[in-house]
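> Have a look at this one before I ask anything.
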Amino acid sequence: MSNQQKVLLPDDVRKLLNVDNKEIVELCKKTSVSPKKNGNGQIYFSIDEVKKLKSAKTSAITAMTEKKSALSVISKNNSQVVVDNLLDTLSRMEDNITSSMTKLIDEKLEGMDDVVLELVRCKTENENLKNKVNELNKENFKLKNILNSFKPLLCGFYVKKEEENSILL
């Protein structure tokens, strides 16, 4: 009975180490442990061999944890570099878009200065013409009043009658 306690079958090893057959083979290669066969052809491991496998697994897990930690630091640094690169790229894109839009707007508005100046000139000319029309209307009214102040006589002669001062001049 003490012999059976010193011997473990692959099922027991899988349960103890929480690994599958492939991992047991890998651990055996690392530790130079070779499983034995009993008289029935069953594979078995001694308790000392299982302890070696367990320590190899623990050291492999520790090494993996250290690698993950190092990779995590590296990936954090790499991710910071990626974020910085993205921010730089976005900043450059924003500057390019801003400069392109500014250039486009400036080109479109370039002719607007001339249009505004022409509009102001036209408005001024329009006001001047309105004033001239008003003056001409007043002069026309005055001349019609003067014309109406003449009365026809015989043979193409006209007599001027007195002007009425009630009319606005």
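A note on labels: chains of the structure tokens are A, B, ... as shown, every chain counts residues from 1, and ligands are counted from 1 in their shown order.
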What residues in chain A get the DSSP label alpha helix (DSSP H)? Please answer as a PyMOL selection string.
chain A and resi 2-5+10-17+21-31+47-148
> Could you tell me how far atom CA of A:Glu162 lies from atom CA of A:Glu135, in Å and to one decimal?
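Distance between the two atoms: 24.5 Å.
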> Which residues are near A:Lys30? Cut-off 10 Å, only C-alpha atoms, ignore same chain within fewer than 5 positions. Put them as a PyMOL selection string.
chain A and resi 24-25+52-53+56-57+60
> Contacts of A:Lys6 at 12 Å or less, counting only C-alpha atoms, minus same-chain residues fewer than 6 places along, as number ranges by chain?
A: 12, 44-51
> May I have all residues of chain A that DSSP, computed from the backbone, assigns to strand (DSSP E or B), given as JSON, numbers by chain?
{"A": [7, 8, 36, 37, 43, 44, 45, 46, 150, 151, 152, 158, 159, 160]}
> Save out the residues we just selected, N, CA, C and O atoms, as a CSV table (one decimal), in the first residue's frame.

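Just written: result.csv:
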```csv
chain,number,residue,atom,x,y,z
A,7,VAL,N,3.3,6.2,-5.9
A,7,VAL,CA,3.2,6.2,-7.4
A,7,VAL,C,1.9,7.0,-7.7
A,7,VAL,O,0.9,6.7,-7.1
A,8,LEU,N,2.0,7.8,-8.8
A,8,LEU,CA,0.8,8.6,-9.2
A,8,LEU,C,0.6,8.3,-10.7
A,8,LEU,O,1.5,8.3,-11.5
A,36,LYS,N,7.4,6.2,-16.2
A,36,LYS,CA,7.6,4.7,-16.2
A,36,LYS,C,6.4,3.9,-16.5
A,36,LYS,O,5.3,4.5,-16.3
A,37,LYS,N,6.5,2.7,-16.8
A,37,LYS,CA,5.4,1.8,-17.1
A,37,LYS,C,5.4,0.6,-16.1
A,37,LYS,O,6.5,0.1,-15.8
A,43,ILE,N,1.2,3.9,-17.4
A,43,ILE,CA,2.2,4.9,-17.1
A,43,ILE,C,2.0,5.4,-15.7
A,43,ILE,O,0.9,5.7,-15.3
A,44,TYR,N,3.1,5.7,-15.0
A,44,TYR,CA,3.0,6.2,-13.7
A,44,TYR,C,4.2,7.1,-13.4
A,44,TYR,O,5.3,7.1,-14.1
A,45,PHE,N,4.1,8.0,-12.4
A,45,PHE,CA,5.1,8.9,-11.9
A,45,PHE,C,5.4,8.7,-10.5
A,45,PHE,O,4.4,8.4,-9.7
A,46,SER,N,6.6,8.9,-10.0
A,46,SER,CA,6.9,8.8,-8.6
A,46,SER,C,6.6,10.2,-8.0
A,46,SER,O,6.4,11.2,-8.7
A,150,PHE,N,-47.9,133.5,-68.6
A,150,PHE,CA,-48.1,134.2,-69.8
A,150,PHE,C,-49.5,133.9,-70.4
A,150,PHE,O,-49.9,132.7,-70.5
A,151,LYS,N,-50.2,135.0,-70.8
A,151,LYS,CA,-51.5,134.9,-71.5
A,151,LYS,C,-51.4,135.3,-72.9
A,151,LYS,O,-50.7,136.2,-73.3
A,152,PRO,N,-51.9,134.4,-73.8
A,152,PRO,CA,-51.8,134.8,-75.2
A,152,PRO,C,-52.7,136.0,-75.6
A,152,PRO,O,-53.8,136.1,-75.1
A,158,TYR,N,-47.7,137.6,-76.2
A,158,TYR,CA,-48.1,137.1,-74.9
A,158,TYR,C,-47.9,138.2,-73.9
A,158,TYR,O,-47.0,138.9,-74.0
A,159,VAL,N,-48.8,138.2,-72.9
A,159,VAL,CA,-48.7,139.2,-71.8
A,159,VAL,C,-48.5,138.4,-70.5
A,159,VAL,O,-49.2,137.4,-70.3
A,160,LYS,N,-47.5,138.9,-69.8
A,160,LYS,CA,-47.2,138.2,-68.5
A,160,LYS,C,-48.1,138.7,-67.4
A,160,LYS,O,-48.2,139.9,-67.2
```
> Kindly give the distance, in Å, that separates atom CA of A:Leu153 and atom CA of A:Phe141, rounded to a single decimal.
23.9 Å
> Quote the spacing between atom CA of A:Leu147 and atom CA of A:Asn134 in Å to one decimal place.
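Result for atom CA of A:Leu147 versus atom CA of A:Asn134: 19.8 Å, one decimal.
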> For A:Glu23, work out the shell of residues within 10 Å, counting only C-alpha atoms and skipping chain neighbours fewer than 6 positions away, then give it as a PyMOL selection string.
chain A and resi 14+17+29+57
> Those same residues - all heavy atoms - I'd like them written as a compact mmCIF listing (two decimals), in the first residue's frame.

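Output below, filename out15.txt:
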```
# COMPACT_ATOMS: atom_id res chain seq x y z
N ARG A 14 -2.46 15.05 -13.72
CA ARG A 14 -3.24 16.11 -14.39
C ARG A 14 -4.06 16.90 -13.38
O ARG A 14 -4.14 18.12 -13.43
CB ARG A 14 -4.17 15.49 -15.45
CG ARG A 14 -3.49 15.20 -16.76
CD ARG A 14 -4.49 14.96 -17.88
NE ARG A 14 -5.40 13.86 -17.62
CZ ARG A 14 -5.19 12.60 -17.97
NH1 ARG A 14 -4.08 12.26 -18.62
NH2 ARG A 14 -6.07 11.66 -17.70
N LEU A 17 -1.60 19.00 -10.90
CA LEU A 17 -0.93 20.14 -11.55
C LEU A 17 -1.89 21.01 -12.36
O LEU A 17 -1.51 22.08 -12.83
CB LEU A 17 0.18 19.63 -12.47
CG LEU A 17 1.31 18.85 -11.79
CD1 LEU A 17 2.33 18.40 -12.82
CD2 LEU A 17 1.98 19.66 -10.71
N LYS A 29 9.92 17.19 -20.50
CA LYS A 29 11.09 17.56 -21.31
C LYS A 29 11.96 18.56 -20.57
O LYS A 29 13.18 18.47 -20.58
CB LYS A 29 10.65 18.14 -22.65
CG LYS A 29 10.11 17.13 -23.62
CD LYS A 29 9.67 17.80 -24.92
CE LYS A 29 9.03 16.80 -25.86
NZ LYS A 29 8.52 17.46 -27.07
N LYS A 57 6.55 23.73 -13.25
CA LYS A 57 5.34 24.46 -13.64
C LYS A 57 5.30 25.80 -12.92
O LYS A 57 5.00 26.84 -13.52
CB LYS A 57 4.09 23.65 -13.34
CG LYS A 57 2.82 24.39 -13.74
CD LYS A 57 1.57 23.67 -13.37
CE LYS A 57 0.39 24.55 -13.76
NZ LYS A 57 -0.82 24.13 -13.14
```
